[in-house]
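Trainee: Contents of query_28.cif (mmCIF, C-alpha atoms):
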data_model
#
loop_
_atom_site.label_atom_id
_atom_site.label_comp_id
_atom_site.auth_asym_id
_atom_site.auth_seq_id
_atom_site.Cartn_x
_atom_site.Cartn_y
_atom_site.Cartn_z
CA MET A 4 10.20 2.84 -2.73
CA VAL A 5 8.47 2.11 -2.26
CA THR A 6 6.95 1.59 0.74
CA GLY A 7 4.87 3.24 5.20
CA SER A 8 2.27 3.44 7.80
CA GLY A 9 1.19 6.95 6.94
CA ALA A 10 1.74 10.33 8.44
CA ALA A 11 0.83 11.85 11.74
CA THR A 12 -1.04 10.22 14.55
CA TRP A 13 -4.32 8.57 13.72
CA SER A 14 -6.47 6.06 15.54
CA GLU A 15 -6.20 2.46 14.39
CA ARG A 16 -8.59 -0.36 15.14
CA GLY A 17 -8.74 -4.06 14.61
CA GLY A 18 -11.23 -5.14 11.98
CA PRO A 19 -14.51 -6.77 12.91
CA GLY A 20 -14.77 -10.54 12.89
CA GLY A 21 -15.25 -12.27 9.59
CA PRO A 22 -15.39 -15.66 7.97
CA CYS A 23 -11.71 -15.85 6.97
CA SER A 24 -9.19 -16.78 9.66
CA PHE A 25 -5.40 -16.67 9.59
CA SER A 26 -3.21 -19.05 11.54
CA PHE A 27 0.16 -17.34 11.04
CA PRO A 28 1.50 -16.21 14.46
CA ALA A 29 1.70 -12.59 13.36
CA PHE A 30 -2.05 -12.66 12.85
CA ALA A 31 -2.80 -14.66 15.97
CA ALA A 32 -6.49 -15.05 16.76
CA MET A 33 -7.41 -12.65 13.98
CA ALA A 34 -10.43 -13.08 11.73
CA TRP A 35 -10.41 -11.12 8.52
CA THR A 36 -13.37 -9.72 6.63
CA LYS A 37 -13.50 -9.83 2.83
CA TYR A 38 -12.65 -6.13 2.74
CA GLN A 39 -9.55 -6.68 4.87
CA LEU A 40 -8.47 -9.58 2.66
CA PHE A 41 -8.96 -7.33 -0.36
CA LEU A 42 -6.77 -4.61 1.19
CA ALA A 43 -4.05 -7.13 2.07
CA GLY A 44 -4.13 -8.57 -1.45
CA LEU A 45 -4.11 -5.10 -3.00
CA MET A 46 -1.06 -4.11 -0.95
CA LEU A 47 0.80 -7.30 -1.84
CA VAL A 48 -0.01 -7.12 -5.55
CA THR A 49 0.58 -3.39 -6.09
CA GLY A 50 3.73 -3.42 -3.95
CA SER A 51 5.15 -6.22 -6.08
CA ILE A 52 4.11 -4.52 -9.33
CA ASN A 53 5.86 -1.35 -8.21
CA THR A 54 9.33 -2.92 -8.12
CA LEU A 55 8.77 -5.38 -10.98
CA SER A 56 7.41 -2.73 -13.37
CA ALA A 57 10.42 -0.49 -12.69
CA LYS A 58 12.77 -3.40 -13.39
CA TRP A 59 10.76 -4.36 -16.48
CA ALA A 60 11.26 -0.87 -17.88
CA ASP A 61 14.99 -1.09 -17.15
CA ASN A 62 15.25 -4.34 -19.12
CA PHE A 63 13.93 -2.85 -22.37
CA VAL A 64 16.30 -2.00 -25.22
CA ALA A 65 15.22 0.57 -27.83
CA PRO A 66 16.76 3.21 -30.11
CA GLY A 67 16.71 6.80 -28.86
CA CYS A 68 16.53 10.19 -30.55
CA GLY A 69 18.39 11.19 -33.67
CA GLY A 70 18.80 7.66 -34.97
CA SER A 71 20.96 6.55 -32.02
CA LYS A 72 21.68 2.86 -31.62
CA GLU A 73 19.57 0.62 -29.43
CA HIS A 74 20.41 0.95 -25.75
CA SER A 75 18.89 0.05 -22.40
CA PHE A 76 16.16 2.22 -20.92
CA GLN A 77 18.19 3.72 -18.08
CA HIS A 78 16.35 6.81 -16.90
CA PRO A 79 16.19 6.52 -13.09
CA PHE A 80 15.44 10.17 -12.40
CA LEU A 81 12.53 10.23 -14.83
CA GLN A 82 11.22 7.06 -13.19
CA ALA A 83 11.50 8.78 -9.79
CA VAL A 84 9.42 11.68 -11.17
CA GLY A 85 6.78 9.12 -12.15
CA MET A 86 6.83 7.65 -8.66
CA PHE A 87 6.24 11.08 -7.11
CA LEU A 88 3.41 11.64 -9.57
CA GLY A 89 1.83 8.46 -8.20
CA GLU A 90 2.26 9.73 -4.64
CA PHE A 91 0.85 13.13 -5.64
CA SER A 92 -2.32 11.37 -6.80
CA CYS A 93 -2.94 10.38 -3.18
CA LEU A 94 -4.00 13.99 -2.62
CA ALA A 95 -6.90 13.40 -5.01
CA ALA A 96 -7.86 10.29 -3.02
CA PHE A 97 -7.75 12.34 0.19
CA TYR A 98 -10.10 15.04 -1.13
CA LEU A 99 -12.46 12.41 -2.54
CA LEU A 100 -12.64 10.79 0.89
CA ARG A 101 -13.22 14.17 2.50
CA CYS A 102 -16.08 14.93 0.09
CA ARG A 103 -17.57 11.51 0.84
CA ALA A 104 -17.25 12.14 4.58
CA ALA A 105 -19.01 15.49 4.19
CA ARG A 106 -21.97 13.74 2.56
CA HIS A 107 -22.04 10.99 5.20
CA PRO A 108 -21.35 12.62 8.59
CA GLU A 109 -21.72 9.31 10.43
CA GLY A 110 -18.46 8.12 8.86
CA SER A 111 -16.68 11.44 8.95
CA MET A 112 -12.91 11.75 8.95
CA ASP A 113 -10.98 13.00 11.94
CA PRO A 114 -10.85 16.83 12.00
CA GLN A 115 -7.71 18.12 10.30
CA GLN A 116 -5.52 20.55 12.21
CA PRO A 117 -4.06 23.46 10.25
CA PHE A 118 -0.42 22.85 9.36
CA ASN A 119 2.31 24.42 7.30
CA PRO A 120 2.83 22.32 4.15
CA LEU A 121 6.51 23.32 4.18
CA LEU A 122 6.91 20.91 7.10
CA PHE A 123 6.92 18.19 4.45
CA LEU A 124 9.67 19.80 2.38
CA PRO A 125 12.71 18.38 4.28
CA PRO A 126 11.31 14.80 4.35
CA ALA A 127 10.34 15.17 0.68
CA LEU A 128 13.90 16.19 -0.22
CA CYS A 129 15.21 13.11 1.58
CA ASP A 130 12.62 10.96 -0.16
CA MET A 131 13.55 12.46 -3.52
CA THR A 132 17.26 11.80 -2.98
CA GLY A 133 16.83 8.30 -1.58
CA THR A 134 14.35 7.24 -4.26
CA SER A 135 16.54 8.55 -7.08
CA ILE A 136 19.56 6.68 -5.74
CA MET A 137 17.54 3.48 -5.45
CA TYR A 138 16.30 3.76 -9.04
CA VAL A 139 19.92 4.20 -10.16
CA ALA A 140 20.84 1.10 -8.15
CA LEU A 141 17.98 -0.93 -9.62
CA ASN A 142 19.63 -0.53 -13.03
CA MET A 143 22.72 -2.25 -11.62
CA THR A 144 21.40 -5.11 -9.52
CA SER A 145 18.54 -7.61 -9.41
CA ALA A 146 15.02 -6.81 -8.27
CA SER A 147 15.15 -9.35 -5.42
CA SER A 148 18.46 -8.02 -4.04
CA PHE A 149 17.07 -4.50 -4.36
CA GLN A 150 14.07 -5.47 -2.25
CA MET A 151 16.05 -7.44 0.34
CA LEU A 152 18.79 -4.84 0.84
CA ARG A 153 16.15 -2.21 1.60
CA GLY A 154 15.90 -4.01 4.95
CA ALA A 155 19.05 -2.07 5.95
CA VAL A 156 16.75 0.81 6.88
CA ILE A 157 16.20 -0.91 10.26
CA ILE A 158 19.86 -0.47 11.18
CA PHE A 159 20.06 3.26 10.53
CA THR A 160 16.55 3.94 11.79
CA GLY A 161 17.37 2.34 15.13
CA LEU A 162 20.69 4.15 15.48
CA PHE A 163 19.27 7.54 14.48
CA SER A 164 16.29 7.14 16.82
CA VAL A 165 18.72 6.64 19.72
CA ALA A 166 21.02 9.49 18.67
CA PHE A 167 18.50 12.15 17.69
CA LEU A 168 15.20 11.22 19.34
CA GLY A 169 16.54 9.92 22.64
CA ARG A 170 14.86 6.53 22.29
CA ARG A 171 15.98 3.45 24.17
CA LEU A 172 15.86 0.30 22.10
CA ALA A 173 14.86 -3.00 23.65
CA LEU A 174 17.26 -5.96 23.61
CA SER A 175 15.18 -7.63 20.90
CA GLN A 176 15.57 -4.54 18.71
CA TRP A 177 19.35 -4.57 19.07
CA LEU A 178 19.31 -8.28 18.20
CA GLY A 179 17.13 -7.43 15.20
CA ILE A 180 19.70 -4.88 14.03
CA LEU A 181 22.53 -7.43 14.39
CA ALA A 182 20.50 -10.05 12.51
CA THR A 183 19.79 -7.52 9.75
CA ILE A 184 23.50 -6.78 9.38
CA ALA A 185 24.20 -10.52 9.12
CA GLY A 186 21.42 -10.92 6.55
CA LEU A 187 22.81 -8.08 4.43
CA VAL A 188 26.24 -9.72 4.44
CA VAL A 189 24.73 -13.02 3.26
CA VAL A 190 22.69 -11.34 0.50
CA GLY A 191 25.80 -9.46 -0.59
CA LEU A 192 27.78 -12.71 -0.74
CA ALA A 193 25.01 -14.28 -2.84
CA ASP A 194 25.35 -11.39 -5.31
CA LEU A 195 29.13 -11.80 -5.40
CA LEU A 196 28.94 -15.55 -6.03
CA SER A 197 26.08 -15.46 -8.54
CA LYS A 198 26.66 -15.67 -12.27
CA HIS A 199 26.76 -12.25 -13.92
CA ASP A 200 25.75 -11.42 -17.49
CA ASP A 201 26.61 -8.46 -19.69
CA GLN A 202 23.70 -6.48 -18.26
CA HIS A 203 24.77 -6.88 -14.63
CA LYS A 204 28.55 -7.05 -14.33
CA LEU A 205 30.07 -7.80 -10.93
CA SER A 206 31.37 -4.26 -10.44
CA GLU A 207 27.94 -2.83 -11.25
CA VAL A 208 26.20 -5.26 -8.89
CA ILE A 209 28.52 -4.29 -6.02
CA THR A 210 28.01 -0.59 -6.76
CA GLY A 211 24.24 -1.06 -6.96
CA ASP A 212 24.09 -2.93 -3.65
CA LEU A 213 26.14 -0.23 -1.91
CA LEU A 214 23.92 2.50 -3.38
CA ILE A 215 20.81 0.77 -2.02
CA ILE A 216 22.31 0.63 1.47
CA MET A 217 23.41 4.28 1.15
CA ALA A 218 19.86 5.24 0.17
CA GLN A 219 18.54 3.62 3.36
CA ILE A 220 20.61 6.09 5.40
CA ILE A 221 18.75 8.92 3.68
CA VAL A 222 15.39 7.15 4.19
CA SER A 223 16.22 6.83 7.90
CA ILE A 224 16.93 10.57 8.08
CA GLN A 225 13.54 11.11 6.41
CA MET A 226 11.89 9.00 9.13
CA VAL A 227 13.61 10.98 11.91
CA LEU A 228 12.46 14.26 10.35
CA GLU A 229 8.90 12.97 10.02
CA GLU A 230 8.91 11.77 13.63
CA LYS A 231 10.36 14.99 14.99
CA PHE A 232 8.44 17.61 13.00
CA VAL A 233 5.49 16.06 11.17
CA TYR A 234 3.83 13.48 13.41
CA ARG A 235 2.85 16.01 16.06
CA HIS A 236 0.24 17.31 13.60
CA ASN A 237 -2.93 15.37 12.94
CA VAL A 238 -2.40 15.12 9.18
CA HIS A 239 -4.29 12.43 7.30
CA PRO A 240 -1.79 9.90 5.90
CA LEU A 241 -3.06 10.22 2.32
CA ARG A 242 -2.71 13.98 2.56
CA ALA A 243 0.82 13.58 3.90
CA VAL A 244 1.84 11.18 1.12
CA GLY A 245 0.30 13.47 -1.51
CA THR A 246 2.00 16.58 -0.13
CA GLU A 247 5.42 14.96 -0.13
CA GLY A 248 4.66 13.63 -3.61
CA LEU A 249 3.81 17.16 -4.78
CA PHE A 250 7.10 18.56 -3.51
CA GLY A 251 9.09 15.66 -4.96
CA PHE A 252 7.34 15.83 -8.34
CA VAL A 253 7.80 19.59 -8.79
CA ILE A 254 11.41 19.79 -7.57
CA LEU A 255 12.68 16.71 -9.41
CA SER A 256 10.86 17.72 -12.61
CA LEU A 257 12.69 21.07 -12.52
CA LEU A 258 15.99 19.32 -11.83
CA LEU A 259 15.59 17.25 -15.00
CA VAL A 260 16.54 20.40 -16.98
CA PRO A 261 20.08 20.83 -15.56
CA MET A 262 20.50 17.04 -15.45
CA TYR A 263 20.13 17.08 -19.26
CA TYR A 264 23.47 18.97 -19.45
CA ILE A 265 25.46 17.52 -16.51
CA PRO A 266 28.04 14.89 -17.61
CA ALA A 267 27.75 11.63 -15.67
CA GLY A 268 30.51 9.47 -17.15
CA SER A 269 30.08 5.75 -16.50
CA PHE A 270 26.92 6.36 -14.43
CA SER A 271 25.10 7.60 -17.50
CA GLY A 272 22.88 5.18 -19.39
CA ASN A 273 22.08 7.45 -22.35
CA PRO A 274 24.08 8.12 -25.56
CA ARG A 275 24.81 11.74 -24.60
CA GLY A 276 26.53 10.63 -21.37
CA THR A 277 24.56 13.03 -19.17
CA LEU A 278 22.94 12.51 -15.80
CA GLU A 279 19.48 12.26 -17.35
CA ASP A 280 18.24 12.62 -20.91
CA THR A 281 14.47 13.00 -20.77
CA LEU A 282 14.15 13.50 -24.53
CA ASP A 283 15.96 10.22 -25.13
CA ALA A 284 13.54 8.52 -22.73
CA PHE A 285 10.50 9.79 -24.63
CA CYS A 286 12.05 8.73 -27.95
CA GLN A 287 12.61 5.23 -26.55
CA VAL A 288 9.02 5.11 -25.28
CA GLY A 289 7.80 6.11 -28.75
CA ARG A 290 9.77 3.31 -30.37
CA GLN A 291 8.89 0.71 -27.74
CA PRO A 292 5.36 1.37 -26.37
CA LEU A 293 5.68 -1.39 -23.77
CA ILE A 294 8.01 0.91 -21.84
CA ALA A 295 5.06 3.28 -21.41
CA LEU A 296 3.02 0.38 -20.01
CA ALA A 297 5.79 -0.40 -17.49
CA LEU A 298 6.01 3.25 -16.44
CA LEU A 299 2.23 3.49 -16.10
CA GLY A 300 2.26 0.36 -13.96
CA ASN A 301 4.89 1.93 -11.73
CA ILE A 302 3.00 5.22 -11.35
CA SER A 303 -0.41 3.67 -10.68
CA SER A 304 0.88 0.92 -8.39
CA ILE A 305 2.59 3.39 -6.06
CA ALA A 306 -0.68 5.26 -5.53
CA PHE A 307 -2.69 2.11 -4.81
CA PHE A 308 0.13 0.65 -2.69
CA ASN A 309 0.20 3.68 -0.41
CA PHE A 310 -3.59 3.67 -0.07
CA ALA A 311 -3.66 -0.09 0.62
CA GLY A 312 -0.77 0.07 3.08
CA ILE A 313 -2.34 2.91 5.05
CA SER A 314 -5.69 1.09 5.08
CA VAL A 315 -4.08 -2.19 6.22
CA THR A 316 -2.42 -0.40 9.13
CA LYS A 317 -5.73 1.24 10.06
CA GLU A 318 -7.98 -1.80 9.60
CA LEU A 319 -5.58 -4.45 10.92
CA SER A 320 -2.20 -3.46 12.37
CA ALA A 321 1.25 -2.21 11.47
CA THR A 322 2.62 -5.70 12.21
CA THR A 323 0.29 -7.12 9.56
CA ARG A 324 1.61 -4.55 7.14
CA MET A 325 5.21 -5.48 7.96
CA VAL A 326 4.53 -9.18 7.30
CA LEU A 327 2.80 -8.39 4.00
CA ASP A 328 5.79 -6.31 2.98
CA SER A 329 8.02 -9.33 3.66
CA LEU A 330 5.73 -11.47 1.51
CA ARG A 331 6.15 -8.85 -1.22
CA THR A 332 9.87 -9.64 -1.29
CA ILE A 333 9.09 -13.33 -1.85
CA VAL A 334 6.70 -12.52 -4.72
CA ILE A 335 9.26 -10.24 -6.40
CA TRP A 336 11.98 -12.83 -5.99
CA ALA A 337 9.85 -15.70 -7.32
CA LEU A 338 8.63 -13.76 -10.36
CA SER A 339 12.14 -12.50 -11.14
CA LEU A 340 13.36 -16.12 -11.20
CA ALA A 341 10.36 -17.27 -13.27
CA LEU A 342 10.90 -14.50 -15.83
CA GLY A 343 14.61 -15.31 -16.11
CA TRP A 344 15.70 -11.89 -14.87
CA GLU A 345 18.14 -13.43 -12.40
CA ALA A 346 19.77 -16.74 -11.49
CA PHE A 347 18.92 -18.68 -8.35
CA HIS A 348 21.48 -18.82 -5.56
CA PRO A 349 20.75 -20.76 -2.32
CA LEU A 350 22.49 -18.12 -0.20
CA GLN A 351 19.66 -15.72 -1.06
CA ILE A 352 17.23 -17.96 0.83
CA LEU A 353 19.46 -17.89 3.91
CA GLY A 354 19.95 -14.14 3.60
CA PHE A 355 16.22 -13.49 3.25
CA LEU A 356 15.39 -15.66 6.28
CA ILE A 357 17.99 -13.86 8.42
CA LEU A 358 16.65 -10.47 7.25
CA LEU A 359 13.12 -11.64 8.03
CA LEU A 360 14.27 -12.67 11.52
CA GLY A 361 15.89 -9.27 12.04
CA THR A 362 12.74 -7.44 10.93
CA ALA A 363 10.56 -9.62 13.18
CA LEU A 364 12.78 -9.04 16.22
CA TYR A 365 13.00 -5.31 15.65
CA ASN A 366 9.24 -4.96 15.27
CA GLY A 367 8.38 -7.22 18.21
CA LEU A 368 6.76 -9.91 16.10
CA HIS A 369 8.20 -12.55 18.40
CA ARG A 370 6.20 -11.40 21.43
CA PRO A 371 2.79 -12.85 20.46
CA LEU A 372 4.49 -16.10 19.47
CA LEU A 373 6.37 -16.37 22.79
CA ALA A 374 3.21 -15.50 24.69
CA ARG A 375 1.31 -18.21 22.81
CA LEU A 376 4.05 -20.77 23.49
CA SER A 377 3.98 -19.92 27.18
CA ARG A 378 0.17 -20.17 27.11
CA GLY A 379 -0.11 -16.58 28.12
CA ARG A 380 -2.20 -13.88 26.61
CA PRO A 381 -0.59 -12.07 23.68
CA PRO A 382 0.53 -8.61 24.75
CA ALA A 383 -1.44 -5.64 23.51
CA GLU A 384 0.02 -3.84 20.54
CA GLU A 385 -0.34 -0.50 22.23
CA GLY A 386 3.01 0.83 21.07
CA GLU A 387 2.57 -0.42 17.56
CA HIS A 388 0.04 2.13 16.41
CA GLU A 389 1.55 5.33 17.72
CA ARG A 390 5.27 4.68 17.40
CA LEU A 391 7.37 5.12 14.31
CA LEU A 392 11.05 4.57 14.93
CA GLY A 393 10.79 2.55 18.10
CA GLY A 394 8.74 -0.12 16.45
CA SER A 395 6.87 -1.01 13.36
CA ARG A 396 6.12 2.20 11.53
CA THR A 397 7.80 2.93 8.26
CA PRO A 398 8.20 6.24 6.46
CA ILE A 399 5.12 8.08 5.28
CA ASN A 400 5.55 6.95 1.72
CA ASP A 401 7.29 3.61 1.72
CA ALA A 402 6.84 2.91 -1.92
CA SER A 403 9.93 1.77 -3.64
#
As structure tokens, please, write out the structure in this file.

Mentor:
Amino acid sequence: MVTGSGAATWSERGGPGGPCSFSFPAFAAMAWTKYQLFLAGLMLVTGSINTLSAKWADNFVAPGCGGSKEHSFQHPFLQAVGMFLGEFSCLAAFYLLRCRAARHPEGSMDPQQPFNPLLFLPPALCDMTGTSIMYVALNMTSASSFQMLRGAVIIFTGLFSVAFLGRRLALSQWLGILATIAGLVVVGLADLLSKHDDQHKLSEVITGDLLIIMAQIIVSIQMVLEEKFVYRHNVHPLRAVGTEGLFGFVILSLLLVPMYYIPAGSFSGNPRGTLEDTLDAFCQVGRQPLIALALLGNISSIAFFNFAGISVTKELSATTRMVLDSLRTIVIWALSLALGWEAFHPLQILGFLILLLGTALYNGLHRPLLARLSRGRPPAEEGEHERLLGGSRTPINDAS
């Protein structure tokens, strides 16, 4: 990703009144301070950079090791390692905050309960698998389709929460799931009908889109595991993100060794035809330094995105975070068109709007609007802060 509200259960509060007001229904009657505006902007910018920098790296062509011909930088598993390194850095942010809280007791952090770090291993394995698949898919499809199709997580999250957590979804959530399915179909049609170049052939685009949807199944399993085993512990969200990042970074880094020898056939993007060729990646970086800049942007943006997203949920609300994440899709789409990375197709607008409707219905964004239209008082967002799968929470590290 990539991508969530943070781990465990923590108290969330609305920010104090400020000079900047928002009129969008999702932010009804909310006044934002400069700090809150900064957090929202930071989340939007770093979240967009995260996807765009990964795609920028994929677009580079450079010679590899041993005098090999120029070829595309297709190293999804190495990019996933970089993403986990960015998540791992959140642990440093957590300990810095804890040191600061120790010096200023009046703003101390909530006391941390002892927990077994291995609790984060199963979700981290899911995150590692899902993220790697999505980076493979990003090589095959456009950045905007990549971002839009990630909305499929709502479908599987809702179904798994009913099957494994015994939740009962509201009618609006079922409607949101149906709208999301319809939106995915429209986005898929837009990809089928769009013009395809040598870099993104039709067969590759279809495969990439299907891989993204498949990855959302794994992300949904990650969310169920976090809900069932992790959220009962009062773990600070930055600590949770960093711990999962540590597991993902170590395990995937070790897996790069056997991947260097495993044949991958048509899925391979390196001259040796293996699953991942890390040496080839470093040779390409050496010959085209801008690739290093793109990778650095991806690593740093994921760390700041997680911090900003967690802070937005704490300072404002999870609904605010969901709306900002939708705006991130628009930014990625607009910049991809402006940079000439993809061709415009009007069906994408329709697909995005339907996906946005599905997300809004599933997360209850329509309730304040309906209450306002009926001149009633907007309902309290009591379920929004403490619920993951039944409402607006996303996985601990929604980064991709």

Trainee: Take the PyMOL selection byres ((chain A and resi 167) around 10), run it mentally on this structure, and tell me the resulting residues as a PyMOL selection string.

Mentor: chain A and resi 162-166+168-170+224+227-228+231

Trainee: Smallest atom-to-atom distance to Ile333 in chain A: which of A:Ala146, A:Leu255, A:Ala284, A:Ala155, using all atoms listed in the file?

Mentor: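 With all atoms listed in the file as the atom set, the closest residue is A:Ala146.
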
Trainee: Could you jot down the CA of Lys204 in chain A to CA of Phe76 in chain A separation for me, Å, one decimal place?

Mentor: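 Result for CA of Lys204 in chain A versus CA of Phe76 in chain A: 16.8 Å, one decimal.
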
Trainee: Please, which residues are within 10 Å of (10.8, 3.3, -32.2) by the file's coordinates, counting all atoms listed in the file, and could they come as a PyMOL selection string?

Mentor: chain A and resi 65-68+70+73+285-292

Trainee: Between CA of Met217 in chain A and CA of Leu327 in chain A, measure the distance and give it in Å to one decimal.

Mentor: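 Result for CA of Met217 in chain A versus CA of Leu327 in chain A: 24.4 Å, one decimal.
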
Trainee: Which residues would end up in the selection if the PyMOL selection byres ((chain A and resi 337-343) around 12) were applied here, given that I need the answer as a ChimeraX atom specification?

Mentor: /A:48,51-52,54-56,58-59,62,144-150,200,330-336,344-348,351-352

Trainee: Which centre and edge lengths in Å to one decimal define the box along x, y and z that fits every listed atom of range 314-325 of chain A plus 5 Å per side, as JSON?

Mentor:
{"center_x": -1.4, "center_y": -2.9, "center_z": 8.7, "size_x": 23.2, "size_y": 18.4, "size_z": 17.3}

Trainee: Check the smallest atom-to-atom distance from each of A:Ile265, A:Asn237, A:Leu368, A:Leu358 to Ile158 in chain A using all atoms listed in the file, then report the winner.

Mentor: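 Between A:Ile265, A:Asn237, A:Leu368, A:Leu358, the residue approaching Ile158 in chain A most closely is A:Leu358.
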
Trainee: Enumerate, as a ChimeraX atom specification, the residues matched when the PyMOL selection byres ((chain A and resi 180-183) around 10) is run on the file above.

Mentor: /A:152,154-162,174-179,184-189,354-365

Trainee: Wanna dump the range 259-289 of chain A-range 79-99 of chain A contacts at 8 Å for me, each residue with its shortest atom pair and the distance in Å to one decimal, counting all atoms listed in the file, ordered by chain and number, as a tab-separated table?

Mentor:
residue	atom	partner	partner_atom	distance
A:Leu259	CA	A:Phe80	CA	7.5
A:Glu279	CA	A:Phe80	CA	6.7
A:Thr281	CA	A:Leu81	CA	6.8

Trainee: One decimal, Å: what's the distance from CA of Lys37 in chain A over to CA of Ala321 in chain A, could you say?

Mentor: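 Those two atoms sit 18.7 Å apart.
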
Trainee: Missing atoms in range 70-76 of chain A should be modelled up to all heavy atoms and reported as a PDB file, in the frame of the given file.

Mentor:
ATOM      1  N   GLY A  70      18.268   8.868 -34.346  1.00  0.00           N
ATOM      2  CA  GLY A  70      18.800   7.660 -34.970  1.00  0.00           C
ATOM      3  C   GLY A  70      19.889   6.979 -34.170  1.00  0.00           C
ATOM      4  O   GLY A  70      20.717   6.247 -34.734  1.00  0.00           O
ATOM      5  N   SER A  71      19.952   7.206 -32.857  1.00  0.00           N
ATOM      6  CA  SER A  71      20.960   6.550 -32.020  1.00  0.00           C
ATOM      7  C   SER A  71      20.719   5.055 -31.965  1.00  0.00           C
ATOM      8  O   SER A  71      19.602   4.582 -32.170  1.00  0.00           O
ATOM      9  CB  SER A  71      20.934   7.148 -30.611  1.00  0.00           C
ATOM     10  OG  SER A  71      19.677   6.924 -29.994  1.00  0.00           O
ATOM     11  N   LYS A  72      21.775   4.318 -31.673  1.00  0.00           N
ATOM     12  CA  LYS A  72      21.680   2.860 -31.620  1.00  0.00           C
ATOM     13  C   LYS A  72      20.790   2.429 -30.456  1.00  0.00           C
ATOM     14  O   LYS A  72      20.512   3.188 -29.535  1.00  0.00           O
ATOM     15  CB  LYS A  72      23.072   2.256 -31.462  1.00  0.00           C
ATOM     16  CG  LYS A  72      23.987   2.494 -32.653  1.00  0.00           C
ATOM     17  CD  LYS A  72      25.340   1.837 -32.421  1.00  0.00           C
ATOM     18  CE  LYS A  72      26.269   2.070 -33.619  1.00  0.00           C
ATOM     19  NZ  LYS A  72      27.600   1.456 -33.400  1.00  0.00           N
ATOM     20  N   GLU A  73      20.374   1.169 -30.526  1.00  0.00           N
ATOM     21  CA  GLU A  73      19.570   0.620 -29.430  1.00  0.00           C
ATOM     22  C   GLU A  73      20.391   0.609 -28.135  1.00  0.00           C
ATOM     23  O   GLU A  73      21.575   0.264 -28.142  1.00  0.00           O
ATOM     24  CB  GLU A  73      19.119  -0.803 -29.768  1.00  0.00           C
ATOM     25  CG  GLU A  73      18.034  -0.877 -30.828  1.00  0.00           C
ATOM     26  CD  GLU A  73      17.451  -2.272 -30.935  1.00  0.00           C
ATOM     27  OE1 GLU A  73      18.091  -3.214 -30.431  1.00  0.00           O
ATOM     28  OE2 GLU A  73      16.369  -2.424 -31.525  1.00  0.00           O
ATOM     29  N   HIS A  74      19.751   0.971 -27.057  1.00  0.00           N
ATOM     30  CA  HIS A  74      20.410   0.950 -25.750  1.00  0.00           C
ATOM     31  C   HIS A  74      19.346   0.738 -24.677  1.00  0.00           C
ATOM     32  O   HIS A  74      18.145   0.914 -24.917  1.00  0.00           O
ATOM     33  CB  HIS A  74      21.188   2.245 -25.493  1.00  0.00           C
ATOM     34  CG  HIS A  74      20.362   3.483 -25.659  1.00  0.00           C
ATOM     35  ND1 HIS A  74      20.109   4.055 -26.902  1.00  0.00           N
ATOM     36  CD2 HIS A  74      19.733   4.280 -24.755  1.00  0.00           C
ATOM     37  CE1 HIS A  74      19.375   5.140 -26.767  1.00  0.00           C
ATOM     38  NE2 HIS A  74      19.123   5.297 -25.446  1.00  0.00           N
ATOM     39  N   SER A  75      19.806   0.352 -23.510  1.00  0.00           N
ATOM     40  CA  SER A  75      18.890   0.050 -22.400  1.00  0.00           C
ATOM     41  C   SER A  75      18.152   1.311 -21.960  1.00  0.00           C
ATOM     42  O   SER A  75      18.673   2.430 -22.063  1.00  0.00           O
ATOM     43  CB  SER A  75      19.654  -0.532 -21.214  1.00  0.00           C
ATOM     44  OG  SER A  75      20.272  -1.753 -21.561  1.00  0.00           O
ATOM     45  N   PHE A  76      16.940   1.108 -21.465  1.00  0.00           N
ATOM     46  CA  PHE A  76      16.160   2.220 -20.920  1.00  0.00           C
ATOM     47  C   PHE A  76      16.650   2.484 -19.494  1.00  0.00           C
ATOM     48  O   PHE A  76      16.186   1.878 -18.524  1.00  0.00           O
ATOM     49  CB  PHE A  76      14.672   1.864 -20.921  1.00  0.00           C
ATOM     50  CG  PHE A  76      13.789   3.005 -20.493  1.00  0.00           C
ATOM     51  CD1 PHE A  76      13.376   3.974 -21.393  1.00  0.00           C
ATOM     52  CD2 PHE A  76      13.367   3.116 -19.175  1.00  0.00           C
ATOM     53  CE1 PHE A  76      12.564   5.028 -20.993  1.00  0.00           C
ATOM     54  CE2 PHE A  76      12.554   4.164 -18.764  1.00  0.00           C
ATOM     55  CZ  PHE A  76      12.149   5.127 -19.677  1.00  0.00           C
TER      56      PHE A  76
END
